[in-house]
$ cat target22.txt   # compact mmCIF, C-alpha atoms
# COMPACT_ATOMS: atom_id res chain seq x y z
CA MET A 9 0.00 0.00 0.00
CA GLN A 10 1.07 3.57 -0.70
CA MET A 11 -0.16 6.44 1.46
CA THR A 12 -0.29 8.74 -1.57
CA ASP A 13 -2.78 6.36 -3.23
CA LEU A 14 -4.97 6.29 -0.11
CA ILE A 15 -4.98 10.09 0.15
CA ALA A 16 -6.06 10.35 -3.48
CA LYS A 17 -8.72 7.66 -3.00
CA LYS A 18 -10.36 9.55 -0.13
CA ARG A 19 -9.87 12.91 -1.88
CA ASP A 20 -11.90 11.58 -4.80
CA GLY A 21 -14.71 10.30 -2.58
CA GLY A 22 -13.65 6.67 -2.32
CA THR A 23 -14.24 4.34 0.61
CA LEU A 24 -11.21 3.07 2.53
CA THR A 25 -11.09 -0.62 3.40
CA THR A 26 -10.53 -2.00 6.91
CA GLU A 27 -7.00 -3.06 5.94
CA GLU A 28 -6.20 0.38 4.51
CA ILE A 29 -7.37 2.16 7.66
CA GLU A 30 -5.33 -0.20 9.87
CA PHE A 31 -2.29 0.47 7.66
CA ILE A 32 -2.77 4.23 8.06
CA ILE A 33 -3.20 4.24 11.84
CA GLN A 34 -0.40 1.75 12.49
CA GLY A 35 1.96 3.61 10.17
CA TYR A 36 1.20 7.03 11.61
CA THR A 37 1.53 5.82 15.20
CA ALA A 38 4.87 4.14 14.37
CA GLY A 39 6.15 7.23 12.55
CA THR A 40 6.49 5.66 9.10
CA ILE A 41 3.71 7.90 7.76
CA PRO A 42 4.75 11.57 8.12
CA ASP A 43 2.62 14.39 9.48
CA TYR A 44 2.20 16.05 6.09
CA GLN A 45 0.63 12.95 4.55
CA MET A 46 -1.65 12.33 7.53
CA SER A 47 -2.67 15.98 7.45
CA ALA A 48 -3.62 15.64 3.77
CA LEU A 49 -5.72 12.56 4.52
CA CYS A 50 -7.49 14.31 7.41
CA MET A 51 -8.35 17.25 5.14
CA ALA A 52 -9.73 14.80 2.56
CA ILE A 53 -11.88 13.24 5.32
CA VAL A 54 -13.11 16.70 6.38
CA PHE A 55 -14.42 17.28 2.83
CA GLN A 56 -15.48 13.75 1.82
CA GLY A 57 -16.51 12.25 5.17
CA MET A 58 -16.53 8.57 6.14
CA ASN A 59 -19.32 6.03 6.35
CA ASP A 60 -20.21 4.14 9.54
CA ARG A 61 -18.00 1.17 8.69
CA GLU A 62 -14.98 3.40 7.98
CA THR A 63 -15.57 5.36 11.19
CA LEU A 64 -15.84 2.14 13.21
CA ASP A 65 -12.67 0.78 11.60
CA MET A 66 -10.77 3.98 12.40
CA THR A 67 -12.09 3.91 15.96
CA MET A 68 -11.02 0.29 16.49
CA ALA A 69 -7.61 0.81 14.84
CA MET A 70 -6.96 3.79 17.12
CA MET A 71 -8.24 1.87 20.15
CA HIS A 72 -5.73 -0.94 19.46
CA SER A 73 -2.83 1.46 18.85
CA GLY A 74 -1.75 1.07 22.48
CA GLU A 75 -2.89 -0.43 25.75
CA THR A 76 -6.52 -1.19 26.49
CA LEU A 77 -7.94 -1.45 29.98
CA ASP A 78 -9.12 -4.97 30.81
CA LEU A 79 -11.85 -4.55 33.42
CA SER A 80 -12.54 -8.29 33.76
CA PRO A 81 -11.13 -8.33 37.34
CA ILE A 82 -14.04 -6.05 38.30
CA GLN A 83 -17.26 -7.81 39.23
CA GLY A 84 -20.57 -6.49 37.90
CA ILE A 85 -21.59 -3.99 35.23
CA LYS A 86 -19.07 -1.25 34.51
CA GLY A 87 -20.34 2.20 33.53
CA ASP A 88 -18.60 5.28 32.13
CA LYS A 89 -19.48 8.82 31.11
CA HIS A 90 -17.95 11.27 28.66
CA SER A 91 -18.64 14.96 28.12
CA THR A 92 -17.69 16.86 24.98
CA GLY A 93 -16.62 19.70 27.26
CA GLY A 94 -18.00 22.95 28.54
CA VAL A 95 -17.75 25.65 31.17
CA GLY A 96 -18.51 24.73 34.76
CA ASP A 97 -18.85 21.03 33.95
CA LYS A 98 -18.46 19.22 37.27
CA THR A 99 -20.97 16.52 36.34
CA SER A 100 -18.70 13.52 36.98
CA LEU A 101 -18.23 14.53 40.62
CA ILE A 102 -21.99 14.17 41.14
CA LEU A 103 -23.05 11.54 38.63
CA CYS A 104 -20.39 8.91 39.35
CA PRO A 105 -21.05 8.66 43.13
CA MET A 106 -24.83 8.59 42.51
CA VAL A 107 -24.57 5.76 39.95
CA ALA A 108 -22.06 3.85 42.06
CA ALA A 109 -24.42 4.11 45.04
CA CYS A 110 -27.04 2.39 42.83
CA GLY A 111 -24.77 -0.58 42.13
CA VAL A 112 -23.07 0.20 38.81
CA LYS A 113 -19.27 -0.04 39.02
CA ILE A 114 -17.49 3.15 37.96
CA ALA A 115 -13.95 2.48 36.72
CA LYS A 116 -13.24 5.84 35.10
CA MET A 117 -10.16 7.16 33.37
CA SER A 118 -10.17 10.96 33.20
CA GLY A 119 -7.86 13.63 31.88
CA ARG A 120 -6.64 17.02 32.96
CA GLY A 121 -8.07 20.17 31.51
CA LEU A 122 -6.29 22.17 28.82
CA GLY A 123 -7.96 25.53 28.36
CA HIS A 124 -10.26 27.61 30.50
CA THR A 125 -10.82 25.23 33.44
CA GLY A 126 -9.35 22.07 34.90
CA GLY A 127 -10.56 18.58 34.12
CA THR A 128 -12.16 16.09 36.51
CA ILE A 129 -8.71 14.98 37.68
CA ASP A 130 -7.74 18.56 38.56
CA LYS A 131 -10.97 19.10 40.46
CA LEU A 132 -10.50 15.90 42.48
CA GLU A 133 -7.01 17.06 43.45
CA SER A 134 -8.70 19.88 45.35
CA PHE A 135 -9.20 17.27 48.08
CA PRO A 136 -6.06 17.34 50.27
CA GLY A 137 -3.88 14.32 49.57
CA PHE A 138 -5.97 12.94 46.68
CA VAL A 139 -3.87 10.80 44.29
CA THR A 140 -4.96 10.23 40.70
CA GLY A 141 -1.96 8.17 39.61
CA ILE A 142 -2.87 5.06 41.60
CA SER A 143 -1.63 1.60 40.64
CA GLU A 144 -3.75 -0.72 38.53
CA GLU A 145 -4.05 -3.06 41.51
CA ARG A 146 -5.36 -0.27 43.74
CA PHE A 147 -7.70 0.89 40.97
CA PHE A 148 -9.32 -2.55 40.64
CA GLU A 149 -9.39 -3.08 44.40
CA ASN A 150 -11.21 0.22 44.98
CA VAL A 151 -13.82 -0.45 42.28
CA ASN A 152 -14.53 -3.93 43.65
CA ARG A 153 -14.57 -2.77 47.27
CA ILE A 154 -16.36 0.61 47.14
CA GLY A 155 -17.72 0.63 43.58
CA ILE A 156 -15.81 3.61 42.21
CA ALA A 157 -12.36 4.85 41.19
CA ILE A 158 -11.39 7.80 38.99
CA ALA A 159 -7.79 7.81 37.85
CA GLY A 160 -5.61 9.65 35.35
CA GLN A 161 -5.28 8.20 31.86
CA THR A 162 -2.22 6.04 31.23
CA ALA A 163 0.34 7.34 28.77
CA ASN A 164 -0.11 4.35 26.46
CA LEU A 165 -3.91 4.50 26.22
CA VAL A 166 -4.78 5.23 22.57
CA PRO A 167 -1.47 6.88 21.55
CA ALA A 168 -2.78 7.25 17.99
CA ASP A 169 -5.43 9.69 19.20
CA LYS A 170 -2.95 11.82 21.15
CA LYS A 171 -0.73 12.14 18.09
CA LEU A 172 -3.55 12.59 15.60
CA TYR A 173 -5.49 15.15 17.66
CA ALA A 174 -2.37 17.28 18.11
CA LEU A 175 -1.96 17.26 14.31
CA ARG A 176 -5.62 18.06 13.62
CA ASP A 177 -5.48 20.91 16.12
CA VAL A 178 -2.85 22.77 14.07
CA THR A 179 -4.03 21.86 10.56
CA GLY A 180 -7.66 23.00 10.62
CA THR A 181 -9.02 19.44 10.58
CA VAL A 182 -10.74 19.23 13.97
CA PRO A 183 -14.33 19.85 12.67
CA SER A 184 -15.07 16.45 11.16
CA ILE A 185 -17.75 14.21 12.69
CA PRO A 186 -16.02 10.89 11.77
CA LEU A 187 -12.68 12.13 13.19
CA ILE A 188 -14.33 13.45 16.36
CA VAL A 189 -16.28 10.21 16.82
CA SER A 190 -13.19 8.02 16.38
CA SER A 191 -11.22 10.23 18.78
CA ILE A 192 -13.84 10.06 21.54
CA MET A 193 -14.95 6.47 21.12
CA SER A 194 -11.45 5.00 20.76
CA LYS A 195 -10.66 6.26 24.28
CA LYS A 196 -14.02 5.20 25.72
CA LEU A 197 -13.83 1.71 24.21
CA ALA A 198 -10.21 1.32 25.33
CA SER A 199 -11.32 2.14 28.87
CA GLY A 200 -13.38 -1.06 28.91
CA ALA A 201 -16.82 -0.03 30.19
CA ASP A 202 -19.95 -2.03 29.34
CA VAL A 203 -22.27 1.00 29.38
CA ILE A 204 -21.27 4.46 28.15
CA VAL A 205 -23.32 7.64 28.43
CA LEU A 206 -22.27 10.69 26.42
CA ASP A 207 -23.03 14.29 27.36
CA VAL A 208 -22.95 16.16 24.05
CA LYS A 209 -22.96 19.93 24.54
CA CYS A 210 -24.19 22.55 22.09
CA GLY A 211 -24.11 26.33 22.17
CA SER A 212 -21.66 29.22 22.47
CA GLY A 213 -19.62 27.49 25.19
CA ALA A 214 -19.38 24.16 23.36
CA PHE A 215 -17.41 22.85 20.39
CA MET A 216 -20.70 22.05 18.64
CA LYS A 217 -22.30 25.47 18.28
CA THR A 218 -25.70 24.32 17.00
CA GLU A 219 -28.18 21.69 18.13
CA GLU A 220 -28.11 20.16 14.63
CA GLN A 221 -24.32 19.65 14.83
CA ALA A 222 -24.61 18.16 18.33
CA ARG A 223 -27.34 15.76 17.20
CA GLU A 224 -25.22 14.60 14.26
CA LEU A 225 -22.28 13.95 16.60
CA ALA A 226 -24.47 12.18 19.17
CA ARG A 227 -25.88 9.86 16.52
CA GLY A 228 -22.41 9.09 15.21
CA LEU A 229 -21.09 8.31 18.69
CA THR A 230 -23.97 6.02 19.62
CA ARG A 231 -23.89 4.19 16.28
CA VAL A 232 -20.18 3.43 16.51
CA GLY A 233 -20.44 2.45 20.17
CA ARG A 234 -23.21 -0.03 19.49
CA LEU A 235 -21.46 -1.41 16.40
CA ALA A 236 -18.50 -2.05 18.73
CA GLY A 237 -20.78 -4.08 21.02
CA ARG A 238 -21.25 -1.56 23.84
CA LYS A 239 -24.44 -0.09 25.29
CA VAL A 240 -24.33 3.60 24.50
CA CYS A 241 -26.68 6.56 24.73
CA ALA A 242 -26.19 10.31 24.39
CA VAL A 243 -27.84 13.31 26.03
CA ILE A 244 -27.74 16.60 24.12
CA THR A 245 -27.57 19.55 26.50
CA ASP A 246 -27.38 23.34 26.33
CA MET A 247 -24.05 25.13 26.80
CA ASP A 248 -25.13 28.65 25.88
CA GLU A 249 -24.31 29.60 29.45
CA PRO A 250 -22.09 27.92 32.09
CA LEU A 251 -23.36 24.70 33.66
CA GLY A 252 -24.43 25.39 37.22
CA TYR A 253 -23.10 28.44 39.03
CA ALA A 254 -19.47 27.69 39.86
CA VAL A 255 -16.52 27.92 37.43
CA GLY A 256 -13.11 26.94 38.76
CA ASN A 257 -11.83 23.83 40.50
CA ALA A 258 -12.33 23.76 44.27
CA ILE A 259 -15.31 26.08 43.75
CA GLU A 260 -16.91 23.54 41.41
CA VAL A 261 -16.19 20.76 43.91
CA LYS A 262 -18.12 22.74 46.53
CA GLU A 263 -21.08 23.10 44.17
CA ALA A 264 -20.99 19.36 43.38
CA ILE A 265 -21.04 18.57 47.12
CA SER A 266 -23.96 20.96 47.56
CA VAL A 267 -25.91 18.98 44.93
CA LEU A 268 -25.06 15.67 46.62
CA ARG A 269 -26.25 17.11 49.94
CA GLY A 270 -29.59 17.97 48.36
CA GLU A 271 -29.04 21.69 48.88
CA THR A 272 -28.75 22.68 45.19
CA LYS A 273 -31.30 21.73 42.52
CA GLY A 274 -31.65 23.05 38.98
CA GLU A 275 -30.04 22.14 35.69
CA LEU A 276 -26.92 20.53 37.12
CA LEU A 277 -28.96 18.01 39.09
CA GLU A 278 -31.33 17.52 36.15
CA LEU A 279 -28.39 16.66 33.89
CA CYS A 280 -27.05 14.10 36.36
CA LEU A 281 -30.48 12.50 36.67
CA ALA A 282 -30.79 12.26 32.86
CA LEU A 283 -27.30 10.81 32.39
CA GLY A 284 -27.67 8.50 35.37
CA SER A 285 -31.04 7.24 34.15
CA CYS A 286 -29.43 6.24 30.84
CA ILE A 287 -26.74 4.26 32.67
CA LEU A 288 -29.16 2.50 35.03
CA THR A 289 -31.65 1.54 32.31
CA GLU A 290 -28.96 0.41 29.85
CA SER A 291 -27.38 -1.62 32.68
CA GLY A 292 -30.70 -3.31 33.42
CA ILE A 293 -30.69 -2.09 37.02
CA ALA A 294 -33.78 0.04 36.36
CA GLU A 295 -36.68 -0.92 34.09
CA SER A 296 -37.59 2.65 33.14
CA ASP A 297 -36.30 6.21 33.28
CA SER A 298 -38.82 7.06 36.00
CA GLN A 299 -37.65 4.20 38.20
CA ALA A 300 -34.01 5.15 37.55
CA ARG A 301 -34.66 8.78 38.54
CA GLU A 302 -36.29 7.65 41.80
CA MET A 303 -33.27 5.46 42.60
CA LEU A 304 -30.84 8.29 41.86
CA GLN A 305 -32.81 10.86 43.87
CA GLU A 306 -32.87 8.44 46.79
CA THR A 307 -29.06 8.34 46.84
CA ILE A 308 -29.16 12.07 47.59
CA ALA A 309 -32.03 11.89 50.08
CA MET A 310 -30.41 9.02 52.01
CA GLY A 311 -26.88 10.46 51.80
CA SER A 312 -25.44 7.38 50.08
CA ALA A 313 -24.08 9.34 47.09
CA LEU A 314 -22.26 11.83 49.35
CA LYS A 315 -20.85 8.91 51.33
CA LYS A 316 -19.70 7.31 48.07
CA LEU A 317 -17.79 10.49 47.16
CA ALA A 318 -16.10 10.39 50.57
CA GLU A 319 -15.18 6.73 50.00
CA LEU A 320 -13.75 7.61 46.57
CA VAL A 321 -11.59 10.35 48.10
CA GLU A 322 -10.39 8.16 50.99
CA GLY A 323 -9.73 5.22 48.63
CA GLN A 324 -7.30 7.41 46.70
CA TYR A 325 -5.46 8.71 49.77
CA GLY A 326 -7.40 11.97 50.07
CA ASP A 327 -8.98 13.47 53.18
CA PRO A 328 -12.68 12.46 53.24
CA ALA A 329 -13.35 15.11 55.93
CA ALA A 330 -13.27 17.73 53.15
CA VAL A 331 -16.42 16.15 51.66
CA TYR A 332 -18.30 17.03 54.82
CA ASP A 333 -16.45 20.26 55.64
CA THR A 334 -15.71 22.19 52.43
CA SER A 335 -13.70 24.82 54.34
CA LEU A 336 -10.88 22.27 54.13
CA LEU A 337 -10.74 22.74 50.35
CA PRO A 338 -8.36 25.34 48.80
CA ALA A 339 -9.62 28.92 49.26
CA ALA A 340 -8.50 32.02 47.36
CA PRO A 341 -7.13 34.94 49.42
CA VAL A 342 -9.19 37.65 47.66
CA THR A 343 -12.98 37.70 47.18
CA ILE A 344 -14.93 40.50 45.47
CA GLU A 345 -18.47 41.00 44.16
CA VAL A 346 -19.13 41.96 40.53
CA GLU A 347 -21.93 44.51 40.59
CA SER A 348 -24.22 44.98 37.60
CA GLU A 349 -23.99 48.38 35.95
CA GLN A 350 -27.60 48.21 34.70
CA ALA A 351 -30.99 46.76 35.49
CA GLY A 352 -32.84 44.29 33.30
CA TYR A 353 -33.20 40.62 32.46
CA VAL A 354 -30.17 38.51 31.61
CA ARG A 355 -30.51 37.72 27.90
CA HIS A 356 -27.24 35.86 27.33
CA ILE A 357 -24.02 34.86 29.10
CA GLU A 358 -21.06 34.17 26.83
CA ALA A 359 -20.07 30.81 28.32
CA GLU A 360 -16.69 30.45 26.64
CA GLN A 361 -15.66 33.94 27.75
CA VAL A 362 -16.69 33.15 31.34
CA GLY A 363 -14.34 30.17 31.14
CA LEU A 364 -11.56 32.47 29.97
CA VAL A 365 -12.17 34.71 33.00
CA SER A 366 -11.46 31.70 35.22
CA MET A 367 -8.36 30.95 33.14
CA HIS A 368 -7.21 34.58 33.57
CA LEU A 369 -7.41 34.07 37.33
CA GLY A 370 -5.25 30.94 37.08
CA GLY A 371 -8.00 28.31 37.06
CA GLY A 372 -7.05 26.82 33.67
CA ARG A 373 -4.04 25.94 31.52
CA ALA A 374 -2.76 27.92 28.55
CA THR A 375 -0.24 25.12 27.88
CA LYS A 376 0.31 21.58 29.17
CA GLU A 377 3.09 22.93 31.38
CA SER A 378 0.87 25.54 33.09
CA THR A 379 0.18 25.16 36.81
CA ILE A 380 -3.45 25.46 37.90
CA ASP A 381 -4.47 27.44 40.99
CA LEU A 382 -7.18 25.18 42.41
CA SER A 383 -8.59 27.90 44.67
CA VAL A 384 -9.56 30.55 42.10
CA GLY A 385 -12.61 30.99 39.91
CA LEU A 386 -16.02 32.58 40.10
CA GLU A 387 -19.55 31.90 41.27
CA LEU A 388 -22.42 33.30 39.22
CA HIS A 389 -25.47 34.71 41.01
CA LYS A 390 -27.48 35.65 37.92
CA LYS A 391 -28.14 33.44 34.90
CA VAL A 392 -30.22 33.66 31.72
CA ALA A 393 -33.80 34.92 32.32
CA ASP A 394 -32.99 36.19 35.85
CA HIS A 395 -33.86 39.79 36.70
CA VAL A 396 -31.09 41.99 38.05
CA GLU A 397 -31.07 45.48 39.56
CA ALA A 398 -28.30 48.01 38.98
CA GLY A 399 -25.71 47.52 41.73
CA GLU A 400 -26.83 43.94 42.41
CA SER A 401 -24.13 41.26 42.38
CA LEU A 402 -23.79 39.28 39.15
CA ALA A 403 -21.07 37.05 40.55
CA THR A 404 -18.39 36.55 43.18
CA ILE A 405 -14.77 36.47 42.05
CA TYR A 406 -12.22 34.33 43.91
CA ALA A 407 -8.76 35.62 43.01
CA PRO A 408 -5.07 35.32 43.97
CA ASN A 409 -4.70 39.11 44.39
CA GLU A 410 -6.60 42.41 44.11
CA GLN A 411 -5.33 43.25 40.63
CA LYS A 412 -6.42 39.92 39.13
CA ALA A 413 -9.78 40.27 40.89
CA ALA A 414 -10.42 43.73 39.39
CA GLU A 415 -9.38 42.60 35.90
CA ALA A 416 -11.61 39.52 36.13
CA ALA A 417 -14.59 41.62 37.26
CA ALA A 418 -14.24 43.88 34.21
CA LEU A 419 -13.96 40.87 31.89
CA LEU A 420 -16.97 39.15 33.44
CA ARG A 421 -19.27 42.17 33.02
CA ARG A 422 -18.60 41.95 29.26
CA CYS A 423 -19.89 38.35 29.25
CA TYR A 424 -23.42 39.50 30.15
CA THR A 425 -26.01 41.02 27.82
CA PHE A 426 -29.37 42.30 29.08
CA SER A 427 -32.91 42.83 27.90
CA ASP A 428 -35.49 45.35 29.12
CA THR A 429 -38.22 42.72 28.75
CA PRO A 430 -38.53 39.22 30.26
CA VAL A 431 -36.43 36.49 28.61
CA GLU A 432 -37.55 32.91 28.06
CA LYS A 433 -35.21 30.31 29.51
CA PRO A 434 -33.97 27.97 26.73
CA LYS A 435 -34.64 24.25 26.95
CA PHE A 436 -31.71 22.66 28.77
CA ILE A 437 -31.93 19.00 27.75
CA LYS A 438 -32.46 19.07 23.99
CA ASP A 439 -32.74 15.35 23.26
CA ILE A 440 -31.72 11.84 24.34
CA ILE A 441 -30.27 9.61 21.59
CA ARG A 442 -30.51 5.87 22.22
$ encode --input "target22.txt" --output "structure tokens"
Amino acid sequence: MQMTDLIAKKRDGGTLTTEEIEFIIQGYTAGTIPDYQMSALCMAIVFQGMNDRETLDMTMAMMHSGETLDLSPIQGIKGDKHSTGGVGDKTSLILCPMVAACGVKIAKMSGRGLGHTGGTIDKLESFPGFVTGISEERFFENVNRIGIAIAGQTANLVPADKKLYALRDVTGTVPSIPLIVSSIMSKKLASGADVIVLDVKCGSGAFMKTEEQARELARGLTRVGRLAGRKVCAVITDMDEPLGYAVGNAIEVKEAISVLRGETKGELLELCLALGSCILTESGIAESDSQAREMLQETIAMGSALKKLAELVEGQYGDPAAVYDTSLLPAAPVTIEVESEQAGYVRHIEAEQVGLVSMHLGGGRATKESTIDLSVGLELHKKVADHVEAGESLATIYAPNEQKAAEAAALLRRCYTFSDTPVEKPKFIKDIIR
């Protein structure tokens, strides 16, 4: 096989065979296919697309490019969740303990954040002493014993995706549904779960800006997952404003704990109930969404989900006392209120820009080498459709110093737009794809 022939074949609208796709992924991972040829192929895929069989073949070839996680030592049904990203997304900290408290084993590999906020791993490290790089033996032991473990991804898990995504990021070839699907699903399949639920975001703060794009991606993800023999469903959710009220790391952990305590309701809880219902019904633990929701809500009412979070923290060498006393979490030295300069109804909050405010404070990474300040971030007090008076607080800023706090306040005010008349709250959960 010649890579030049395969590039031309896809450029002209041809369909690549399973053997050709395996040749491409193996060669690129090994370094025998250079970046410039792989970049040309990716651009051809952007314009010509791939069918379901090609996308599945690419997903499986990428999955087998390195190690896969064999979860057979874990007893019972293993569940996993993936989000396409967003601002204020602390869903895993709530959902995973709830589902684990219902009897589904959560053996989750998560990554660090690169961009405006930290990832799940960064947020968990807000707990004093928490270790994400636990041994495989400890990982399996914790899942079997307490039902949950969340660890950092191993370096050899789907190396083809790491290399290919870095190339796509600098060659304008990220926006391709088949390439996005194979990137996401290769990692999820390599992680070994039986049941996978996908939170596909759409809106100004998401990669998929429109509901139509998000639905196309959700359908592609679920099709490939089921063709690979896994139980998969996707929930399409709104990201035209931040999820919940907190944006940061320790601040988001506090909000997640507030939800698990039953103190905070709203869209964040609703999302976790929708995602959790998919996992419980697909696992066969619940016969219907309504029964699943009741089971999940009971884990909050009875305190079993909060206890499960404490067990997760303790099982990975963290201090479980911080689950019950959030004053033990990192706290920023400077706190200021961001007062509204006008009265009206909140018409829109630019979610991505809010995330960049947190990054400006030190809550995110500009590069892989950046160090995150776990204590900083912001807490919104007004969201879309809320009424606000002039001088009323839009948000609280948690900053490392006075200068950063003042700069962040000015940036955050620009994220808000107002209306003189009442604003209708957009539908949060757009659709569920099974």
$ residues_around --input "target22.txt" --residues "A:Ser335" --least-positions-apart "4" --cutoff "12 Å" --atoms "only C-alpha atoms" --output "PyMOL selection string"
chain A and resi 134-136+258-259+261-262+329-331+339-340+383
$ write_last_selection --input "target22.txt" --atoms "C-alpha atoms" --output "short mmCIF file (atom, residue, chain, number, x, y, z; two decimals), in the coordinates of the input"
data_model
loop_
_atom_site.label_atom_id
_atom_site.label_comp_id
_atom_site.auth_asym_id
_atom_site.auth_seq_id
_atom_site.Cartn_x
_atom_site.Cartn_y
_atom_site.Cartn_z
CA SER A 134 -8.70 19.88 45.35
CA PHE A 135 -9.20 17.27 48.08
CA PRO A 136 -6.06 17.34 50.27
CA ALA A 258 -12.33 23.76 44.27
CA ILE A 259 -15.31 26.08 43.75
CA VAL A 261 -16.19 20.76 43.91
CA LYS A 262 -18.12 22.74 46.53
CA ALA A 329 -13.35 15.11 55.93
CA ALA A 330 -13.27 17.73 53.15
CA VAL A 331 -16.42 16.15 51.66
CA ALA A 339 -9.62 28.92 49.26
CA ALA A 340 -8.50 32.02 47.36
CA SER A 383 -8.59 27.90 44.67
#
$ closest_residue --input "target22.txt" --among "A:Ala236, A:Ile308, A:Leu420, A:Leu402" --to "A:Met66" --atoms "all atoms listed in the file"
A:Ala236
$ closest_residue --input "target22.txt" --among "A:Asp88, A:Gly111, A:Val54, A:Gly160" --to "A:Gly180" --atoms "all atoms listed in the file"
A:Val54
$ closest_residue --input "target22.txt" --among "A:Asp20, A:Glu400, A:Glu263, A:Asp65" --to "A:Ser191" --atoms "all atoms listed in the file"
A:Asp65
$ atom_distance --input "target22.txt" --atom1 "atom CA of A:Ala351" --atom2 "atom CA of A:Ile405"
20.3 Å
$ closest_residue --input "target22.txt" --among "A:Gly22, A:Pro167, A:Pro250, A:Gly94" --to "A:Glu387" --atoms "all atoms listed in the file"
A:Pro250
$ residues_around --input "target22.txt" --residues "A:Val362" --least-positions-apart "4" --cutoff "8 Å" --atoms "all atoms listed in the file" --output "PyMOL selection string"
chain A and resi 95+250+357-358+366+420+423
$ closest_residue --input "target22.txt" --among "A:Asn164, A:Thr92, A:Thr23, A:Ser118" --to "A:Val205" --atoms "all atoms listed in the file"
A:Thr92
$ atom_distance --input "target22.txt" --atom1 "atom CA of A:Leu276" --atom2 "atom CA of A:Gly252"
5.5 Å
$ residues_around --input "target22.txt" --residues "A:Asn59" --least-positions-apart "3" --cutoff "10 Å" --atoms "only C-alpha atoms" --output "PyMOL selection string"
chain A and resi 23-24+56+62-65+186+228
$ residues_around --input "target22.txt" --residues "A:Ile440" --least-positions-apart "3" --cutoff "10 Å" --atoms "all atoms listed in the file" --output "list in words"
Leu206, Asp207, Val208, Arg223, Ala226, Arg227, Cys241, Ala242, Val243, Ile244, Thr245, Ala282, Leu283, Cys286 and Ile437 of chain A
$ closest_atom_pairs --input "target22.txt" --of "stretch 135-178 of chain A" --to "stretch 35-41 of chain A" --cutoff "10 Å" --atoms "all atoms listed in the file" --output "CSV"
residue,atom,partner,partner_atom,distance
A:Val166,CA,A:Thr37,CA,9.7
A:Pro167,CA,A:Thr37,CA,7.1
A:Ala168,CA,A:Thr37,CA,5.3
A:Asp169,CA,A:Thr37,CA,8.9
A:Lys170,CA,A:Thr37,CA,9.6
A:Lys171,CA,A:Thr37,CA,7.3
A:Leu172,CA,A:Tyr36,CA,8.3
$ closest_residue --input "target22.txt" --among "A:Pro328, A:Pro434, A:Pro81, A:Gly126" --to "A:Asp381" --atoms "all atoms listed in the file"
A:Gly126
